[in-house]
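Have a look at query-v4.csv below; it lists CSV, C-alpha atoms.
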chain,number,residue,atom,x,y,z
I,1,MET,CA,-40.8,-136.8,92.0
I,2,PRO,CA,-40.8,-133.3,90.3
I,3,ALA,CA,-43.9,-131.2,91.0
I,4,THR,CA,-46.6,-131.0,88.4
I,5,ARG,CA,-46.9,-127.7,86.7
I,6,SER,CA,-50.6,-127.3,87.3
I,7,SER,CA,-51.1,-123.6,87.3
I,8,ALA,CA,-50.7,-121.2,84.4
I,9,PRO,CA,-47.5,-119.2,84.4
I,10,SER,CA,-47.6,-115.4,85.0
I,11,ALA,CA,-45.5,-114.7,81.9
I,12,ALA,CA,-47.2,-113.7,78.7
I,13,PRO,CA,-48.1,-116.7,76.5
I,14,THR,CA,-45.5,-117.8,74.0
I,15,ALA,CA,-46.9,-117.4,70.5
I,16,LEU,CA,-46.7,-120.2,68.1
I,17,PRO,CA,-44.1,-119.5,65.5
I,18,LEU,CA,-45.0,-118.9,61.9
I,19,LEU,CA,-43.8,-122.3,60.5
I,20,GLY,CA,-42.6,-122.9,57.0
I,21,GLY,CA,-43.5,-125.8,54.8
I,22,LYS,CA,-46.8,-127.5,54.5
I,23,LYS,CA,-48.4,-128.4,57.8
I,24,SER,CA,-51.5,-130.6,57.5
I,25,SER,CA,-53.0,-129.7,60.9
I,26,TYR,CA,-52.9,-127.2,63.7
I,27,ARG,CA,-52.0,-130.1,65.9
I,28,GLU,CA,-48.7,-130.4,64.0
I,29,ARG,CA,-48.0,-126.7,64.5
I,30,VAL,CA,-48.5,-127.1,68.2
I,31,ALA,CA,-46.3,-130.3,68.3
I,32,ASP,CA,-43.5,-128.4,66.4
I,33,ALA,CA,-43.7,-125.6,68.9
I,34,LEU,CA,-43.6,-128.0,71.9
I,35,ARG,CA,-40.6,-129.8,70.4
I,36,ALA,CA,-38.8,-126.5,70.0
I,37,ALA,CA,-39.5,-125.6,73.6
I,38,LEU,CA,-38.3,-128.9,74.7
I,39,ILE,CA,-35.1,-128.7,72.7
I,40,ALA,CA,-34.4,-125.1,73.9
I,41,GLY,CA,-34.8,-126.3,77.5
I,42,GLU,CA,-37.9,-124.2,78.2
I,43,LEU,CA,-39.5,-127.6,79.1
I,44,ARG,CA,-37.1,-129.3,81.5
I,45,ALA,CA,-36.3,-132.9,81.8
I,46,GLY,CA,-38.0,-134.6,84.7
I,47,GLU,CA,-40.7,-131.9,85.0
I,48,VAL,CA,-44.4,-132.9,84.7
I,49,TYR,CA,-46.5,-130.5,82.6
I,50,SER,CA,-50.3,-130.6,82.3
I,51,ALA,CA,-52.0,-129.9,79.0
I,52,PRO,CA,-53.9,-126.9,80.4
I,53,THR,CA,-50.7,-125.3,81.7
I,54,LEU,CA,-48.9,-125.7,78.3
I,55,ALA,CA,-52.1,-124.5,76.5
I,56,ALA,CA,-52.0,-121.3,78.6
I,57,ARG,CA,-48.3,-120.9,77.9
I,58,PHE,CA,-48.8,-121.1,74.2
I,59,GLY,CA,-52.1,-119.3,74.0
I,60,VAL,CA,-54.0,-122.2,72.6
I,61,SER,CA,-56.7,-124.7,73.7
I,62,ALA,CA,-55.8,-127.8,75.7
I,63,THR,CA,-57.1,-130.3,73.2
I,64,PRO,CA,-54.4,-129.8,70.5
I,65,VAL,CA,-51.7,-129.6,73.2
I,66,ARG,CA,-52.8,-132.9,74.6
I,67,GLU,CA,-52.9,-134.5,71.2
I,68,ALA,CA,-49.5,-133.0,70.3
I,69,MET,CA,-47.9,-134.3,73.5
I,70,LEU,CA,-49.2,-137.8,72.7
I,71,ASP,CA,-47.4,-137.5,69.4
I,72,LEU,CA,-44.2,-136.5,71.3
I,73,ALA,CA,-44.7,-139.5,73.6
I,74,LYS,CA,-44.7,-141.8,70.6
I,75,GLU,CA,-41.4,-140.2,69.6
I,76,GLY,CA,-40.0,-141.0,73.1
I,77,LEU,CA,-39.6,-137.3,73.9
I,78,VAL,CA,-42.0,-137.3,76.9
I,79,ASP,CA,-43.7,-139.9,79.0
I,80,THR,CA,-47.4,-139.8,80.0
I,81,VAL,CA,-48.1,-139.5,83.7
I,82,PRO,CA,-51.7,-140.7,84.4
I,83,ASN,CA,-54.0,-138.0,85.8
I,84,LYS,CA,-51.2,-135.4,85.8
I,85,GLY,CA,-49.8,-134.8,82.3
I,86,PHE,CA,-46.5,-135.4,80.6
I,87,ARG,CA,-43.0,-135.8,81.9
I,88,VAL,CA,-40.1,-134.6,79.7
I,89,THR,CA,-37.7,-137.5,79.1
I,90,ALA,CA,-34.2,-137.1,80.5
I,91,VAL,CA,-31.2,-137.2,78.1
I,92,SER,CA,-27.8,-138.0,79.4
I,93,GLU,CA,-24.6,-136.1,78.6
I,94,LYS,CA,-23.3,-139.3,76.9
I,95,GLN,CA,-26.4,-139.5,74.7
I,96,LEU,CA,-26.1,-135.8,73.7
I,97,ASP,CA,-22.4,-136.4,72.9
I,98,GLU,CA,-23.3,-139.4,70.7
I,99,TYR,CA,-26.1,-137.5,68.9
I,100,THR,CA,-23.8,-134.6,68.2
I,101,HIS,CA,-21.0,-137.0,66.9
I,102,ILE,CA,-23.4,-138.7,64.5
I,103,ARG,CA,-24.7,-135.3,63.3
I,104,SER,CA,-21.2,-134.1,62.6
I,105,LEU,CA,-20.4,-137.3,60.6
I,106,ILE,CA,-23.5,-136.7,58.5
I,107,GLU,CA,-24.1,-132.9,58.3
I,108,ILE,CA,-20.6,-131.6,57.8
I,109,PRO,CA,-19.6,-133.6,54.7
I,110,THR,CA,-23.1,-133.4,53.2
I,111,THR,CA,-23.2,-129.7,53.5
I,112,VAL,CA,-19.7,-129.3,52.2
I,113,ARG,CA,-20.7,-131.3,49.1
I,114,LEU,CA,-23.6,-128.9,48.5
I,115,ALA,CA,-21.1,-126.1,47.9
I,116,THR,CA,-20.4,-127.7,44.5
I,117,THR,CA,-23.7,-129.5,43.8
I,118,ALA,CA,-26.6,-127.3,45.1
I,119,ASP,CA,-28.6,-125.1,42.8
I,120,PRO,CA,-27.9,-121.4,43.8
I,121,VAL,CA,-31.6,-120.6,43.4
I,122,SER,CA,-32.4,-123.4,45.9
I,123,LEU,CA,-29.8,-122.1,48.3
I,124,GLU,CA,-31.1,-118.5,48.1
I,125,ALA,CA,-34.6,-119.9,48.9
I,126,LEU,CA,-33.3,-120.7,52.4
I,127,ARG,CA,-32.2,-117.2,53.1
I,128,PRO,CA,-35.6,-116.1,54.6
I,129,ALA,CA,-35.3,-118.9,57.1
I,130,ALA,CA,-31.7,-117.9,58.0
I,131,ARG,CA,-32.9,-114.3,58.5
I,132,GLU,CA,-35.8,-115.6,60.7
I,133,ILE,CA,-33.2,-117.3,62.9
I,134,VAL,CA,-31.3,-114.0,63.4
I,135,THR,CA,-34.6,-112.1,64.1
I,136,ALA,CA,-35.7,-114.7,66.7
I,137,ALA,CA,-32.3,-114.5,68.4
I,138,ALA,CA,-32.5,-110.7,68.6
I,139,ALA,CA,-36.0,-111.0,70.1
I,140,GLY,CA,-34.9,-113.7,72.5
I,141,ASP,CA,-37.7,-116.0,71.1
I,142,LEU,CA,-36.1,-119.4,71.6
I,143,VAL,CA,-39.1,-121.4,70.3
I,144,ALA,CA,-39.0,-119.5,67.0
I,145,TYR,CA,-35.2,-119.7,67.0
I,146,VAL,CA,-35.2,-123.5,67.3
I,147,GLU,CA,-38.1,-123.9,64.8
I,148,ALA,CA,-36.4,-121.8,62.1
I,149,ASP,CA,-33.0,-123.4,62.8
I,150,ILE,CA,-34.5,-126.9,62.2
I,151,ARG,CA,-36.3,-125.8,59.1
I,152,PHE,CA,-33.1,-124.2,57.7
I,153,HIS,CA,-30.8,-127.1,58.3
I,154,LEU,CA,-33.2,-129.8,57.2
I,155,GLY,CA,-34.1,-127.8,54.2
I,156,LEU,CA,-30.4,-127.5,53.4
I,157,LEU,CA,-29.8,-131.2,53.8
I,158,ALA,CA,-32.8,-131.9,51.6
I,159,LEU,CA,-30.9,-130.4,48.7
I,160,ALA,CA,-28.7,-133.5,48.8
I,161,GLY,CA,-31.6,-135.5,47.6
I,162,ASN,CA,-31.5,-138.2,50.3
I,163,ALA,CA,-34.8,-138.2,52.3
I,164,HIS,CA,-33.5,-140.9,54.7
I,165,LEU,CA,-30.6,-138.7,55.7
I,166,VAL,CA,-32.9,-135.8,56.4
I,167,GLU,CA,-35.1,-138.1,58.5
I,168,VAL,CA,-32.2,-139.4,60.6
I,169,VAL,CA,-30.8,-135.9,61.3
I,170,GLY,CA,-34.3,-134.6,62.0
I,171,ASP,CA,-34.7,-137.3,64.7
I,172,LEU,CA,-31.3,-136.5,66.2
I,173,ARG,CA,-32.2,-132.8,66.4
I,174,LYS,CA,-35.5,-133.6,68.1
I,175,ARG,CA,-33.6,-135.5,70.8
I,176,SER,CA,-31.0,-132.8,71.4
I,177,ARG,CA,-31.1,-130.3,74.3
I,178,LEU,CA,-29.8,-126.8,74.1
I,179,TYR,CA,-30.1,-125.6,77.7
I,180,GLY,CA,-27.6,-122.8,77.2
I,181,LEU,CA,-29.7,-120.7,74.8
I,182,ASN,CA,-31.3,-118.7,77.6
I,183,ALA,CA,-27.9,-117.7,79.0
I,184,LEU,CA,-26.8,-116.6,75.6
I,185,VAL,CA,-29.9,-114.5,75.2
I,186,GLU,CA,-29.3,-112.9,78.6
I,187,ALA,CA,-25.6,-112.2,77.6
I,188,GLY,CA,-26.6,-110.9,74.2
I,189,ARG,CA,-24.5,-113.5,72.4
I,190,LEU,CA,-27.1,-115.6,70.7
I,191,GLN,CA,-27.4,-113.3,67.7
I,192,ASP,CA,-23.7,-113.9,66.9
I,193,SER,CA,-24.4,-117.7,66.6
I,194,ALA,CA,-27.6,-117.0,64.6
I,195,GLU,CA,-25.7,-115.0,62.0
I,196,GLU,CA,-23.5,-118.1,61.3
I,197,HIS,CA,-26.5,-119.3,59.2
I,198,LEU,CA,-26.1,-116.4,56.9
I,199,GLU,CA,-22.4,-116.9,56.8
I,200,LEU,CA,-22.9,-120.5,55.9
I,201,LEU,CA,-25.3,-119.7,53.2
I,202,ASP,CA,-22.9,-117.1,51.7
I,203,ALA,CA,-20.1,-119.7,51.6
I,204,LEU,CA,-22.4,-122.1,49.8
I,205,VAL,CA,-23.5,-119.6,47.3
I,206,ASP,CA,-19.8,-118.6,46.7
I,207,ARG,CA,-19.0,-122.3,46.0
I,208,ASP,CA,-16.3,-122.3,48.7
I,209,PRO,CA,-16.2,-125.9,50.3
I,210,GLU,CA,-13.5,-125.1,52.8
I,211,ALA,CA,-15.3,-122.1,54.1
I,212,VAL,CA,-18.4,-124.2,54.4
I,213,ARG,CA,-16.5,-126.8,56.3
I,214,ARG,CA,-15.1,-124.2,58.7
I,215,VAL,CA,-18.5,-122.6,59.4
I,216,MET,CA,-20.3,-126.0,59.8
I,217,THR,CA,-17.6,-127.4,62.1
I,218,ARG,CA,-17.7,-124.3,64.3
I,219,HIS,CA,-21.5,-124.2,64.2
I,220,LEU,CA,-22.0,-127.8,65.3
I,221,GLY,CA,-19.4,-127.3,68.0
I,222,HIS,CA,-21.8,-124.9,69.7
I,223,VAL,CA,-24.3,-127.8,70.2
I,224,ARG,CA,-22.1,-129.3,73.0
I,225,GLY,CA,-20.4,-126.0,73.8
I,226,LEU,CA,-22.1,-122.6,74.0
I,227,TRP,CA,-25.6,-123.9,73.5
I,228,ALA,CA,-25.3,-126.8,75.9
I,229,ALA,CA,-24.4,-125.3,79.3
I,230,HIS,CA,-27.1,-125.8,82.0

Written as structure tokens, how would this file's structure read?
Amino acid sequence: MPATRSSAPSAAPTALPLLGGKKSSYRERVADALRAALIAGELRAGEVYSAPTLAARFGVSATPVREAMLDLAKEGLVDTVPNKGFRVTAVSEKQLDEYTHIRSLIEIPTTVRLATTADPVSLEALRPAAREIVTAAAAGDLVAYVEADIRFHLGLLALAGNAHLVEVVGDLRKRSRLYGLNALVEAGRLQDSAEEHLELLDALVDRDPEAVRRVMTRHLGHVRGLWAAH
């Protein structure tokens, strides 16, 4: 059984990202940051993490972390380990392939349609989030990177006017794992991938469906390519 992470790490605490949208509680902010850390691979499958350890890592108190992790347990992202903490749920390669396949079936055609249907003002409203992704990539802040990435893509899909579609993609994104992000940061390559969000937005504003399709196909390809390597 993997060892419990019971002592605070020596690294400086990871600050909670400045989240967009309306969050009804601090607990939700903490849960969002923990999800992002899980997706980015900063919280590893099979590892057991205590609430105090995670609280020290994120520079917050243990109570909202414990509550947030219980929320993640309800989503199936972690399992509770009595008297120890929470174990990150393992996801198989087959599951990740299936999640990415479903996402491609939904996200690519939906985003392509937005090139001819989305209001340019609404598209431009997403540019700050796209820039946040680039800034987080340059800083090597994976939690902020994943948070802004989710906010950008779900905000973009929301312009299609189908709330159920956004919910499905949001759930698939929560279950994804992007273990290769750290290696990309170390190699100085994550910023190139981050800038694809600005490229995508420019293609949408230019009303160029084929350019949108090319960027989205390439971008989603990273999920099981560049971003996935352990």

Among listed residues I:Ile39, I:Leu72, I:Asn83, I:Ala115, nearest Glu210 of chain I (using only C-alpha atoms):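 For Glu210 of chain I, the nearest of the given residues is I:Ala115.
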
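The two atoms in question, atom CA of Leu190 of chain I and atom CA of Arg29 of chain I, are spaced 24.5 Å apart.
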
d(atom CA of Leu96 of chain I, atom CA of Ala211 of chain I) in Å: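 Result for atom CA of Leu96 of chain I versus atom CA of Ala211 of chain I: 26.2 Å, one decimal.
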
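Atom pair atom CA of Ala118 of chain I / atom CA of Pro209 of chain I has a distance of 11.7 Å (rounded to one decimal).
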
Pick from I:Glu196, I:Asp208, I:Glu67, I:Glu93, whichever lies nearest to Phe152 of chain I using only C-alpha atoms: I:Glu196

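The nearest approach to Glu98 of chain I among the residues I:Arg131, I:Arg189, I:Lys84, I:Arg173, with only C-alpha atoms taken into account, belongs to I:Arg173.
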
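Among I:Thr110, I:Thr53, I:Ser92, I:Ser25, the residue with the shortest atom-to-atom distance to Leu165 of chain I, counting only C-alpha atoms, is I:Thr110.
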
Minimum-distance residue to Thr89 of chain I, chosen among I:Gly221, I:Glu132, I:Ser104, I:Glu75 (using only C-alpha atoms):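 Closest to Thr89 of chain I, using only C-alpha atoms: I:Glu75.
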
So that each row is one residue of segment 43-123 of chain I with an atom at most 10 Å from segment 197-202 of chain I, can you give its shortest atom pair and the distance in Å to one decimal, using all atoms listed in the file, rows by chain and rising number, as JSON lines?
{"residue": "I:Thr111", "atom": "CA", "partner": "I:Leu200", "partner_atom": "CA", "distance": 9.5}
{"residue": "I:Ala115", "atom": "CA", "partner": "I:Leu201", "partner_atom": "CA", "distance": 9.3}
{"residue": "I:Pro120", "atom": "CA", "partner": "I:Leu201", "partner_atom": "CA", "distance": 9.9}
{"residue": "I:Leu123", "atom": "CA", "partner": "I:Leu201", "partner_atom": "CA", "distance": 7.1}

Could the residues in this selection be written to a file with C-alpha atoms, as a PDB file, in the coordinates of the input?
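The resulting file, out_22.pdb, is shown below:
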ATOM      1  CA  THR I 111     -23.200-129.700  53.500  1.00  0.00           C
ATOM      2  CA  ALA I 115     -21.100-126.100  47.900  1.00  0.00           C
ATOM      3  CA  PRO I 120     -27.900-121.400  43.800  1.00  0.00           C
ATOM      4  CA  LEU I 123     -29.800-122.100  48.300  1.00  0.00           C
TER       5      LEU I 123
END

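Distances here use only C-alpha atoms; by that measure, the residue among I:Val166, I:Asp32, I:Glu195, I:Lys74 closest to Ala129 of chain I is I:Glu195.
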
Neighbours of point (-35.8, -128.0, 50.4) within 12 Å, using only C-alpha atoms, written as a list in words: Gly20, Gly21, Lys22, Ala118, Asp119, Val121, Ser122, Leu123, Glu124, Ala125, Leu126, Arg127, Ala129, Ile150, Arg151, Phe152, His153, Leu154, Gly155, Leu156, Leu157, Ala158, Leu159, Ala160, Gly161, Asn162, Ala163 and Val166 of chain I

Exercise: Gly188 of chain I partners within 12 Å, all atoms listed in the file, chain neighbours under 4 positions left out, as a ChimeraX atom specification: /I:137-140,181-184,192-194

Shell around Pro109 of chain I at 10 Å using only C-alpha atoms, local window under 3 positions removed, as a VMD selection string: chain I and resid 104 to 106 112 to 114 209 212 to 213 216 to 217

Please complete segment 102-117 of chain I so it has N, CA, C and O atoms, and hand it over as a PDB file, keeping the file's coordinate frame.
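The resulting part32.pdb:
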ATOM      1  N   ILE I 102     -22.781-138.153  65.737  1.00  0.00           N
ATOM      2  CA  ILE I 102     -23.400-138.700  64.500  1.00  0.00           C
ATOM      3  C   ILE I 102     -23.812-137.555  63.596  1.00  0.00           C
ATOM      4  O   ILE I 102     -23.612-137.652  62.375  1.00  0.00           O
ATOM      5  N   ARG I 103     -24.344-136.480  64.161  1.00  0.00           N
ATOM      6  CA  ARG I 103     -24.700-135.300  63.300  1.00  0.00           C
ATOM      7  C   ARG I 103     -23.506-134.776  62.581  1.00  0.00           C
ATOM      8  O   ARG I 103     -23.601-134.432  61.388  1.00  0.00           O
ATOM      9  N   SER I 104     -22.371-134.682  63.267  1.00  0.00           N
ATOM     10  CA  SER I 104     -21.200-134.100  62.600  1.00  0.00           C
ATOM     11  C   SER I 104     -20.727-135.033  61.466  1.00  0.00           C
ATOM     12  O   SER I 104     -20.276-134.541  60.424  1.00  0.00           O
ATOM     13  N   LEU I 105     -20.844-136.351  61.649  1.00  0.00           N
ATOM     14  CA  LEU I 105     -20.400-137.300  60.600  1.00  0.00           C
ATOM     15  C   LEU I 105     -21.342-137.162  59.366  1.00  0.00           C
ATOM     16  O   LEU I 105     -20.892-137.414  58.245  1.00  0.00           O
ATOM     17  N   ILE I 106     -22.594-136.780  59.589  1.00  0.00           N
ATOM     18  CA  ILE I 106     -23.500-136.700  58.500  1.00  0.00           C
ATOM     19  C   ILE I 106     -23.599-135.250  57.912  1.00  0.00           C
ATOM     20  O   ILE I 106     -23.463-135.036  56.702  1.00  0.00           O
ATOM     21  N   GLU I 107     -23.818-134.277  58.786  1.00  0.00           N
ATOM     22  CA  GLU I 107     -24.100-132.900  58.300  1.00  0.00           C
ATOM     23  C   GLU I 107     -22.941-132.195  57.711  1.00  0.00           C
ATOM     24  O   GLU I 107     -23.103-131.472  56.719  1.00  0.00           O
ATOM     25  N   ILE I 108     -21.746-132.347  58.300  1.00  0.00           N
ATOM     26  CA  ILE I 108     -20.600-131.600  57.800  1.00  0.00           C
ATOM     27  C   ILE I 108     -20.250-132.002  56.347  1.00  0.00           C
ATOM     28  O   ILE I 108     -20.240-131.157  55.441  1.00  0.00           O
ATOM     29  N   PRO I 109     -19.977-133.293  56.073  1.00  0.00           N
ATOM     30  CA  PRO I 109     -19.600-133.600  54.700  1.00  0.00           C
ATOM     31  C   PRO I 109     -20.750-133.419  53.691  1.00  0.00           C
ATOM     32  O   PRO I 109     -20.505-133.029  52.547  1.00  0.00           O
ATOM     33  N   THR I 110     -21.989-133.646  54.132  1.00  0.00           N
ATOM     34  CA  THR I 110     -23.100-133.400  53.200  1.00  0.00           C
ATOM     35  C   THR I 110     -23.246-131.972  52.842  1.00  0.00           C
ATOM     36  O   THR I 110     -23.438-131.630  51.667  1.00  0.00           O
ATOM     37  N   THR I 111     -23.110-131.093  53.819  1.00  0.00           N
ATOM     38  CA  THR I 111     -23.200-129.700  53.500  1.00  0.00           C
ATOM     39  C   THR I 111     -22.040-129.173  52.711  1.00  0.00           C
ATOM     40  O   THR I 111     -22.211-128.328  51.816  1.00  0.00           O
ATOM     41  N   VAL I 112     -20.847-129.699  52.971  1.00  0.00           N
ATOM     42  CA  VAL I 112     -19.700-129.300  52.200  1.00  0.00           C
ATOM     43  C   VAL I 112     -19.884-129.689  50.705  1.00  0.00           C
ATOM     44  O   VAL I 112     -19.572-128.898  49.801  1.00  0.00           O
ATOM     45  N   ARG I 113     -20.445-130.860  50.458  1.00  0.00           N
ATOM     46  CA  ARG I 113     -20.700-131.300  49.100  1.00  0.00           C
ATOM     47  C   ARG I 113     -21.683-130.356  48.364  1.00  0.00           C
ATOM     48  O   ARG I 113     -21.589-130.133  47.148  1.00  0.00           O
ATOM     49  N   LEU I 114     -22.595-129.801  49.119  1.00  0.00           N
ATOM     50  CA  LEU I 114     -23.600-128.900  48.500  1.00  0.00           C
ATOM     51  C   LEU I 114     -22.955-127.638  47.957  1.00  0.00           C
ATOM     52  O   LEU I 114     -23.545-126.983  47.098  1.00  0.00           O
ATOM     53  N   ALA I 115     -21.757-127.309  48.418  1.00  0.00           N
ATOM     54  CA  ALA I 115     -21.100-126.100  47.900  1.00  0.00           C
ATOM     55  C   ALA I 115     -20.763-126.264  46.413  1.00  0.00           C
ATOM     56  O   ALA I 115     -20.586-125.258  45.711  1.00  0.00           O
ATOM     57  N   THR I 116     -20.680-127.494  45.931  1.00  0.00           N
ATOM     58  CA  THR I 116     -20.400-127.700  44.500  1.00  0.00           C
ATOM     59  C   THR I 116     -21.542-128.340  43.745  1.00  0.00           C
ATOM     60  O   THR I 116     -21.495-128.437  42.524  1.00  0.00           O
ATOM     61  N   THR I 117     -22.598-128.768  44.460  1.00  0.00           N
ATOM     62  CA  THR I 117     -23.700-129.500  43.800  1.00  0.00           C
ATOM     63  C   THR I 117     -25.038-128.746  43.842  1.00  0.00           C
ATOM     64  O   THR I 117     -25.893-128.957  42.972  1.00  0.00           O
TER      65      THR I 117
END
